[in-house]
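data_9.txt follows (compact mmCIF, C-alpha atoms):
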# COMPACT_ATOMS: atom_id res chain seq x y z
CA MET A 40 39.59 26.72 119.81
CA PRO A 41 41.05 28.64 122.79
CA ALA A 42 43.44 31.48 122.10
CA ARG A 43 47.09 30.71 122.60
CA LYS A 44 48.80 32.24 125.56
CA PRO A 45 51.35 34.80 124.30
CA GLN A 46 55.02 34.06 124.76
CA ASN A 47 56.68 35.91 127.61
CA CYS A 48 59.09 38.62 126.62
CA PRO A 49 61.70 40.21 128.92
CA ARG A 50 60.28 43.70 128.36
CA ARG A 51 56.74 42.65 129.28
CA ILE A 52 58.08 40.87 132.35
CA ARG A 53 60.04 43.96 133.42
CA PHE A 54 57.00 46.16 132.82
CA GLY A 55 54.81 43.80 134.87
CA LYS A 56 57.30 43.92 137.74
CA ASN A 57 57.24 47.72 137.58
CA ILE A 58 53.44 47.72 137.83
CA ALA A 59 53.51 45.30 140.79
CA SER A 60 56.24 47.29 142.56
CA LEU A 61 54.53 50.64 142.08
CA ARG A 62 51.23 49.15 143.21
CA ALA A 63 52.83 47.77 146.37
CA ARG A 64 54.56 51.09 147.12
CA ARG A 65 51.20 52.86 146.83
CA HIS A 66 49.61 50.27 149.17
CA LEU A 67 47.08 49.28 146.51
CA THR A 68 45.64 45.82 146.13
CA GLN A 69 45.31 44.32 142.68
CA GLU A 70 41.55 44.66 143.11
CA ARG A 71 41.78 48.39 143.87
CA LEU A 72 44.16 49.17 140.99
CA ALA A 73 42.05 47.10 138.59
CA GLU A 74 39.00 49.08 139.68
CA LYS A 75 40.82 52.41 139.18
CA ALA A 76 42.09 51.36 135.74
CA GLY A 77 38.80 49.83 134.61
CA VAL A 78 40.21 46.36 133.98
CA SER A 79 39.54 42.96 135.52
CA VAL A 80 41.70 41.66 138.33
CA ARG A 81 42.62 38.67 136.17
CA TYR A 82 43.83 40.97 133.38
CA LEU A 83 45.93 42.99 135.84
CA GLN A 84 47.41 39.74 137.19
CA SER A 85 48.31 38.77 133.61
CA VAL A 86 49.97 42.15 133.00
CA GLU A 87 51.97 41.87 136.24
CA ALA A 88 53.03 38.34 135.23
CA GLY A 89 54.33 39.63 131.89
CA GLU A 90 51.75 37.74 129.85
CA TYR A 91 50.10 40.80 128.28
CA PHE A 92 50.97 44.40 127.50
CA PRO A 93 48.16 46.93 127.94
CA SER A 94 46.80 49.18 125.20
CA LEU A 95 47.64 52.89 125.33
CA PRO A 96 44.32 53.91 126.94
CA THR A 97 44.76 51.22 129.59
CA LEU A 98 48.37 52.32 130.14
CA ALA A 99 47.15 55.86 130.76
CA ARG A 100 44.57 54.63 133.28
CA LEU A 101 47.17 52.47 135.06
CA LYS A 102 49.55 55.45 135.19
CA SER A 103 46.80 57.60 136.66
CA GLY A 104 45.78 54.94 139.20
CA LEU A 105 49.39 54.48 140.29
CA ARG A 106 50.06 58.25 140.43
CA CYS A 107 53.39 57.82 138.65
CA ASP A 108 55.13 59.19 135.59
CA TRP A 109 55.90 57.36 132.36
CA GLY A 110 59.56 56.94 133.38
CA GLU A 111 58.61 55.02 136.51
CA LEU A 112 56.18 52.86 134.58
CA PHE A 113 58.78 51.87 131.98
CA ALA A 114 61.94 51.92 134.14
CA GLY A 115 64.40 49.29 132.91
CA CYS A 116 62.19 48.11 130.05
CA ASP A 117 64.65 49.29 127.41
CA LYS A 118 67.42 47.12 128.92
CA ALA A 119 65.44 43.91 129.19
Re-express the file's structure as structure tokens.
Amino acid sequence: MPARKPQNCPRRIRFGKNIASLRARRHLTQERLAEKAGVSVRYLQSVEAGEYFPSLPTLARLKSGLRCDWGELFAGCDKA
């Protein structure tokens, strides 16, 4: 039986938008950021869409690939 798709949550959606925005500002494609973070492009697309929230090690690799701080990564997530 296929796994159920997780329900979207406002905080995951906000986080995904932050990732997409930071990626665009750094002129990175989804493919390039996925490569830097060691994840698949499909997984990164799911994170940006707010479907999934990355594990701590993946968060650290995304942060490194985006050259940003934790505040930028989570901006607005507490208000969602």
**OP:** Considering all atoms listed in the file, return as a PyMOL selection string whatever protein or nucleic-acid residues lie within 8 Å of Ile58 (chain A), sequence-local ones (same chain, fewer than 4 positions apart) excluded.
**Re:** chain A and resi 54+62+87+112
Original post:
Could you name the residues that touch Ser85 (chain A) at 12 Å or less, counting all atoms listed in the file, but leaving out those on the same chain fewer than 6 positions away, as a PyMOL selection string?
Top reply: chain A and resi 44-45+47+51-52+54-56+58-59+69+73+78-79+91-93
**OP:** Tell me which of A:Leu61, A:Leu67, A:Val80, A:Leu98 sits closest to Glu111 (chain A), counting all atoms listed in the file.
**Re:**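 Of A:Leu61, A:Leu67, A:Val80, A:Leu98, the one nearest Glu111 (chain A), counting all atoms listed in the file, is A:Leu61.
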Original post:
With all atoms listed in the file as the atoms that count, which of A:Arg106, A:Arg64, A:Arg53, A:Arg71 lies nearest to Val86 (chain A)?
Top reply: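 Closest candidate: A:Arg53.
The spacing separating CA of Ser94 (chain A) from CA of Glu70 (chain A) amounts to 19.2 Å.
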Original post:
A:Ala76, A:Cys116, A:Arg81, A:Arg50: which is nearest Leu95 (chain A), counting all atoms listed in the file?
Top reply: A:Ala76
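Between Cys48 (chain A) and the candidates A:Ala88, A:Leu105, A:Thr97, A:Phe113, the tightest atom-to-atom separation, counting only C-alpha atoms, involves A:Ala88.
When all atoms listed in the file are used to compute distances to Gly110 (chain A), the closest of the residues A:Lys75, A:Ala63, A:Asn57, A:Leu83 turns out to be A:Asn57.
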Please return region 85-98 of chain A, rebuilt to N, CA, C and O atoms, as a short mmCIF file (atom, residue, chain, number, x, y, z; two decimals), in the coordinates of the input.
data_model
loop_
_atom_site.label_atom_id
_atom_site.label_comp_id
_atom_site.auth_asym_id
_atom_site.auth_seq_id
_atom_site.Cartn_x
_atom_site.Cartn_y
_atom_site.Cartn_z
N SER A 85 47.61 39.19 134.83
CA SER A 85 48.31 38.77 133.61
C SER A 85 49.34 39.81 133.18
O SER A 85 50.43 39.45 132.73
N VAL A 86 49.02 41.08 133.33
CA VAL A 86 49.97 42.15 133.00
C VAL A 86 51.16 42.08 133.95
O VAL A 86 52.32 42.12 133.53
N GLU A 87 50.88 41.94 135.25
CA GLU A 87 51.97 41.87 136.24
C GLU A 87 52.84 40.63 136.03
O GLU A 87 54.03 40.66 136.33
N ALA A 88 52.28 39.57 135.49
CA ALA A 88 53.03 38.34 135.23
C ALA A 88 53.81 38.41 133.91
O ALA A 88 54.57 37.50 133.59
N GLY A 89 53.61 39.49 133.16
CA GLY A 89 54.33 39.63 131.89
C GLY A 89 53.68 38.89 130.74
O GLY A 89 54.29 38.71 129.70
N GLU A 90 52.44 38.48 130.90
CA GLU A 90 51.75 37.74 129.85
C GLU A 90 51.15 38.67 128.79
O GLU A 90 51.03 38.28 127.63
N TYR A 91 50.73 39.85 129.21
CA TYR A 91 50.10 40.80 128.28
C TYR A 91 50.67 42.19 128.48
O TYR A 91 51.16 42.52 129.56
N PHE A 92 50.58 43.00 127.43
CA PHE A 92 50.97 44.40 127.50
C PHE A 92 49.72 45.23 127.22
O PHE A 92 49.05 45.00 126.22
N PRO A 93 49.39 46.18 128.09
CA PRO A 93 48.16 46.93 127.94
C PRO A 93 48.16 47.87 126.73
O PRO A 93 49.21 48.33 126.28
N SER A 94 46.96 48.19 126.26
CA SER A 94 46.80 49.18 125.20
C SER A 94 47.13 50.57 125.76
O SER A 94 47.20 50.75 126.98
N LEU A 95 47.30 51.53 124.89
CA LEU A 95 47.64 52.89 125.33
C LEU A 95 46.59 53.48 126.27
O LEU A 95 46.96 54.03 127.31
N PRO A 96 45.29 53.38 125.98
CA PRO A 96 44.32 53.91 126.94
C PRO A 96 44.40 53.24 128.31
O PRO A 96 44.29 53.90 129.35
N THR A 97 44.63 51.92 128.32
CA THR A 97 44.76 51.22 129.59
C THR A 97 46.04 51.63 130.30
O THR A 97 46.05 51.79 131.53
N LEU A 98 47.12 51.83 129.55
CA LEU A 98 48.37 52.32 130.14
C LEU A 98 48.13 53.65 130.84
O LEU A 98 48.62 53.88 131.96
#
